[in-house]
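**Student:** The structure under discussion is supplied below as structure tokens; questions concerning it will follow.
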Amino acid sequence: MAGAPSQSQGMTGDGFVEQHRASLIQNVREVLAIADRMLEKKMIYPETYSKIRSATTTQDQMRELYTALDSGGPVVKAEFSKILQDMNPYLVQNLTSDCCADEEIVELRIKYKESVRCEYITVQEYNSLTGESVQLDDRYTKLLIIQKHRKQKEREEELRSRGNSHQEVMNKRDSDMFMSTNVEKLFDPDQNGVVHKTVILQGQAGIGKSFTTQKIMSDWASGKIYSDFEYIFHIKCQQLNHISKNISVVDLILYNSQDLKPAVAQVLSCPEKILFIIDGFDELTFSLDVPQYSLCHDPHGQNTPQVTLSSLIRKDILSEAFLLITTRSTTLDKLTKVLKQPRYTEILGFSEEGMKEYFKNFFQNEQQALCAFNNVKKNEIVFTACFIPGVCWIVCTMLREKMDENTDIKQALNTTTTIFVYFVYTLLEHHCKSGSLPVQDILQRLGVLAESGIREQQVLFEEKQIKNTFSDPSQAPSSFLNKIILKKGISNKTVFSFMHLSFQEFFAAFSYIMCDEQESEKKVSELLRESEDKGHLLSTVQFLFGLSNQETQDFINEKYNRSISPAVQSQLEGWIKERLKKATEQNQKADLMAMLHCLYEIHDEDFVRGALESLTNIFLSHYLLKRTDCAVLSYCLQAWGDIERLDLNTCLLKPECLEVLIPGLHKCKDLKLNFNSVGDEGIKIFTETLKSSVCKIENLELRSTGLTDACVEDLCSAHSLQQSLTHLDLSFNELTDASVPGLRRFIQNCNNLQQLNLHDLKLSAEKVEDLCCALSTLQALSKVDFTLNCLTEGCAASFINLILNCSSLRSLSLSVEERDKRSLSALLSSPDRPQKDVRLDHYRLTVSEMNLLCEGLRNSSVIIKNLTLKMTGLTDAHAEDLCSAHSLQQLLTDLRLSDCELINVSVPGLRRFIQNYNNLQHFGLHHFRLSEEEVEDLCSTLCTMQTLRSVKLTVDRLTERCAASLNLLQKCDNVLSLQVTCNTQLDSGMRVLQEGERNPGVLKVTKWHVTPEVLRVLRLPVIAYIYFFANALIQRDLQP
């Protein structure tokens, strides 16, 4: 840049022309008139004059003129300066009077940057008191910004998804597919290498647009970003609304800093190094619809704010300057009409990583931040809403207040509804333009619009729906409604949406308290009735319960003079009691969980206790519990009275879910957590809580929960659990011999233990002996279930000792992987033993093992009260061997044979085997292929057994002869249940079997394939269990 003009050059002359070359090119508008004068004075050639006239812009015209000035020398430049002085003395005066030396310019620029840095380094929050502020960097967090317009399906995906699903959607948006970017790259070349000098930064209310502009100003002034810009000027549209006098672009610059007045000429001389941030375009109260002829071209020209801003945005002034314009979607279409090739960007909010970073910045304490974030993540709807920075701030503010008071932060987020109420209030106070509609009217109209959409499951609203709700569409609050432009065929379509479906559901619920009491009662009654069949209405019902919370009601009444009537509260109480009863009786797990969510939202312990007083059992097995569900269930458990049973089998629980549930689990007498990924970590969390709680757990089932030896020491530390426990199931876990010392200590301290299940742990015989010693000291033990790797003689002696010394023991169930001939004989052949129930389950017997078992049983004389024997793979030879097991024949009460390879020659042996079992009560043959003759022989034998209560048989074909044999069993008064499985067609024997039915309900027919022809021949009510290849079991009544 040239230095200051010398005294000899004066105000004008060739030195002036050279010094202010860039500024003159940018600001001279009378180029053609000057060219006419210079052509008359023969200072330029006609060819040059033609080139000047053919140039399309004044800047290009000036560049052509400067070519002539350079070739003409000092005389021509002096003449140009003289003509300019005559035509535009104001411009010449400004350029000469405000000019400074280079050193002064640099000094002024540094001073301006420092003032910007000081101004933007701190920010005031919504609740800041006079003089209070926070560091900008403690609040600002990187936002997700994309450059691609989304399709309707993608928009709906964003609006409808919740929790982890919503974060997955946000992660998809943060990708090259949606051209994600960041603040630092807003003015980088696009994929075609084009640098856009105008960028639109769009986003909904509270999403962080203005915060982003403040961050840009702060980081630029600190030298972190945008080093190519010598000046950045922040123009706040809200402030422009209050300017009534004429202003120029220079005035807009000086509003940022009056100290720049001496440097204005130098600032304007390099417009390509200026960035104007026009913040809050949607807040303008005037239109930019200015006729082209009214626009200004002179940065010093005084005009109305409307004309000046429009001239700047349309690039009629300082066309080489850069623009960043923030706006809500409602004014995007108006803005794009006056812009030339803008780059479109949109702030979507926080990703999950962004949320974590915000919490970390806010709390300035990593442990507190993690604790707060994990607490929020438990609430799916609040967690989803936290993608909006404004919601994040409210949540963090509430959590920090609780931390400062040293109270439980879990109580800070009492309800989802509370967060939404506070956020709506914040937007109305700080982000909503003052309009002709009062706040109550805005809320009521938004509620009506939201409710109509919820009923129709609609998240995108047509323009006519907005017009029907707001007679003047301009009254529709952009703080709550987003305007979306979608491609539709060869044109565009305009739709509107709430920030997210959850906000729409909230406003729908809010509409019920914005109408009068009588109408409210009628509409609530209708909503509750319809919600029973339309599950999508339940979220609105849950918000309605949240609005019934007393603290929330007090806030709403104070701010909006509205509240829920006692009549509506009575409706809610009666409805939820009825729905809870129905959901429990009909095992409707999703409905039950939805009702618990309603109770959580109202967050009134007396109300919750009253609603749940008649319920003692909760069955949620096979229902996928999310973290939010766990938080809701935990709250209800804590408010509940005594809970008899909580069944959470197969709910896909993980340690983090168990941690949420734990505060209420100790109140459950019967707690089932089978088939969940609890793991050692979950047990550690569980037992830590029990150390400081009064435990009421009597039955604890942890079957197949991923436990290893490491969990046993934690169980031993839970002393309150050991005092209350009566039943413990640790089967199907990865417990090995290493766990036995700990298990033994735990068992010895469980004085009231009655039942212990250690099935499929595959413990060695030596360690089982240790456990038996501990078990034999328990005075209440009645039932034990073991799986052993090997039943040795010493192990058998331990079981015998357990039977002898534990007088309360009534049932012993053993499964053995490997068997020793002597040990099995020792277990079953000791005389004069107390009466016991022994169950031997052998699912994986080989031929050699069956021979060993038969040999061990042949001479047994142990006195066993009830013996259940389940065997697979029985052959003809084994059936004959079993006939010699005389003591077994006397004691066996339940015999189940499955997948056996028996042929006709074995039937006499099988008959002899069965008819000598004087106490047999239950008999089953599964997956056999019995012929007519075999069924007839077998049934005639079974009919002679007076103790028999139930029979299960598989037949090859249900013929008339076969059915007649089965009817003999139906005629036996002692047979209460007959179940028949047919491998092929039912044939005509089905009718015979039905005609012989003695009592309805006794006969059950199971078959693999039932054809329509078979169904038509059935005349009497028969329960048919139909197996499909998908292993689904369907039970139906077959009517004639």
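Following the order of the structure tokens, first chain is A, next is B, and so on, with residues numbered from 1 inside each chain and ligands from 1 in the order they appear.
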Within 12 Å of A:Lys111, counting only C-alpha atoms, which residues show up once you throw out same-chain ones fewer than 2 positions away? Write them as a list in words, please.
**Tutor:** Glu104, Ile105, Val106, Glu107, Leu108, Arg109, Lys113, Glu114, Ser115, Val116, Arg117, Cys118, Ala221, Tyr231, Ser257, Gln258, Asp259, Leu260 and Ala263 of chain A
**Student:** List every residue of stretch 566-767 of chain A that DSSP, applied to the backbone of this structure, places in alpha helix (DSSP H), and write the result as a PyMOL selection string.
**Tutor:** chain A and resi 566-585+589-602+605-612+627-639+655-665+679-690+711-717+719-724+740-749+765-767
**Student:** With a distance cut-off of 7 Å and only C-alpha atoms, select the neighbouring residues of stretch 234-241 of chain A, excluding the residue or stretch itself and same-chain residues fewer than 6 positions from it, and output the selection as number ranges by chain.
**Tutor:** A: 256, 276-281, 283-285, 305
**Student:** Write out the residues from the selection above, keeping C-alpha atoms, as a compact mmCIF listing (two decimals), in the first residue's frame.
**Tutor:**
# COMPACT_ATOMS: atom_id res chain seq x y z
CA ASN A 256 -18.55 -1.61 15.79
CA PHE A 276 -19.71 -8.53 7.46
CA ILE A 277 -21.64 -10.81 9.85
CA ILE A 278 -25.34 -9.99 9.58
CA ASP A 279 -26.74 -11.72 12.62
CA GLY A 280 -30.44 -12.54 13.05
CA PHE A 281 -31.81 -11.68 9.61
CA GLU A 283 -35.48 -10.57 13.38
CA LEU A 284 -35.66 -7.65 10.95
CA THR A 285 -38.95 -5.78 11.16
CA PRO A 305 -31.53 1.20 7.22
**Student:** Can you pull out every residue from stretch 365-547 of chain A that DSSP, working from the backbone, puts in strand (DSSP E or B), and format the result as a PyMOL selection string?
**Tutor:** chain A and resi 461-462+481-488+491-498
**Student:** Under the rule that only C-alpha atoms are counted, which of A:Cys636, A:Phe923, A:His20, A:Asn789 is the nearest residue to A:Val267?
**Tutor:**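 Distance minimum relative to A:Val267 lands on A:His20.
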**Student:** Tell me which of A:Leu95, A:Val424, A:Pro663, A:Cys750 sits closest to A:Leu443, counting only C-alpha atoms.
**Tutor:**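 Using only C-alpha atoms, A:Leu443 sits closest to A:Val424.
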**Student:** Find the residue from A:Phe503, A:Phe233, A:Phe363, A:Tyr358 that sits nearest to A:Met403; use only C-alpha atoms when measuring.
**Tutor:** A:Phe363
**Student:** Within 6 Å of stretch 368-383 of chain A, counting only C-alpha atoms, which residues show up once you throw out same-chain ones fewer than 5 positions away? Write them as a JSON list (two decimals) with N, CA and C atoms, in the first residue's frame, please.
**Tutor:**
[["chain", "number", "residue", "atom", "x", "y", "z"],
["A", 163, "GLY", "N", -33.45, -40.75, 21.35],
["A", 163, "GLY", "CA", -32.38, -41.43, 22.07],
["A", 163, "GLY", "C", -31.21, -41.81, 21.18],
["A", 359, "PHE", "N", -20.98, -30.48, 28.22],
["A", 359, "PHE", "CA", -21.05, -30.77, 29.66],
["A", 359, "PHE", "C", -19.68, -30.56, 30.31],
["A", 360, "LYS", "N", -18.64, -31.00, 29.61],
["A", 360, "LYS", "CA", -17.28, -30.86, 30.14],
["A", 360, "LYS", "C", -16.92, -29.38, 30.28],
["A", 363, "PHE", "N", -19.20, -27.66, 33.25],
["A", 363, "PHE", "CA", -18.91, -27.98, 34.66],
["A", 363, "PHE", "C", -17.46, -27.74, 35.05],
["A", 627, "ARG", "N", -32.58, -47.43, 28.89],
["A", 627, "ARG", "CA", -32.12, -46.73, 30.09],
["A", 627, "ARG", "C", -33.22, -45.86, 30.66],
["A", 628, "THR", "N", -34.00, -45.22, 29.78],
["A", 628, "THR", "CA", -35.11, -44.39, 30.24],
["A", 628, "THR", "C", -36.13, -45.22, 31.00]]
**Student:** Would you pick out the contacts of stretch 599-614 of chain A at 8 Å or less, using only C-alpha atoms, so that residues sharing its chain but fewer than 3 positions from it are not included, and give the list as a list of chain:residue names?
**Tutor:** A:Asn414, A:Thr415, A:Thr416, A:Thr417, A:Gln542, A:Phe543, A:Phe545, A:Gly546, A:Leu547, A:Ser548, A:Asn549, A:Glu573, A:Ile576, A:Lys577, A:Leu580, A:Met595, A:Leu596, A:Val632, A:Tyr635, A:Cys636, A:Ala639, A:Trp640, A:Gly641
**Student:** At a cut-off of 10 Å, using only C-alpha atoms, what residues contact A:Glu933? Leave out same-chain residues fewer than 2 positions from it and give the result as a PyMOL selection string.
**Tutor:** chain A and resi 904+907+930-931+935-939+961-962+965
**Student:** Between atom CA of A:His242 and atom CA of A:Trp220, what is the spacing in Å?
**Tutor:**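 Separation of atom CA of A:Trp220 and atom CA of A:His242: 27.8 Å.
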**Student:** Residues at most 12 Å from A:Val249, counting only C-alpha atoms, excluding those fewer than 3 positions away in the same chain, as a PyMOL selection string?
**Tutor:** chain A and resi 233+235+246+252-256+264+267-268+276+296-313+315-318+321
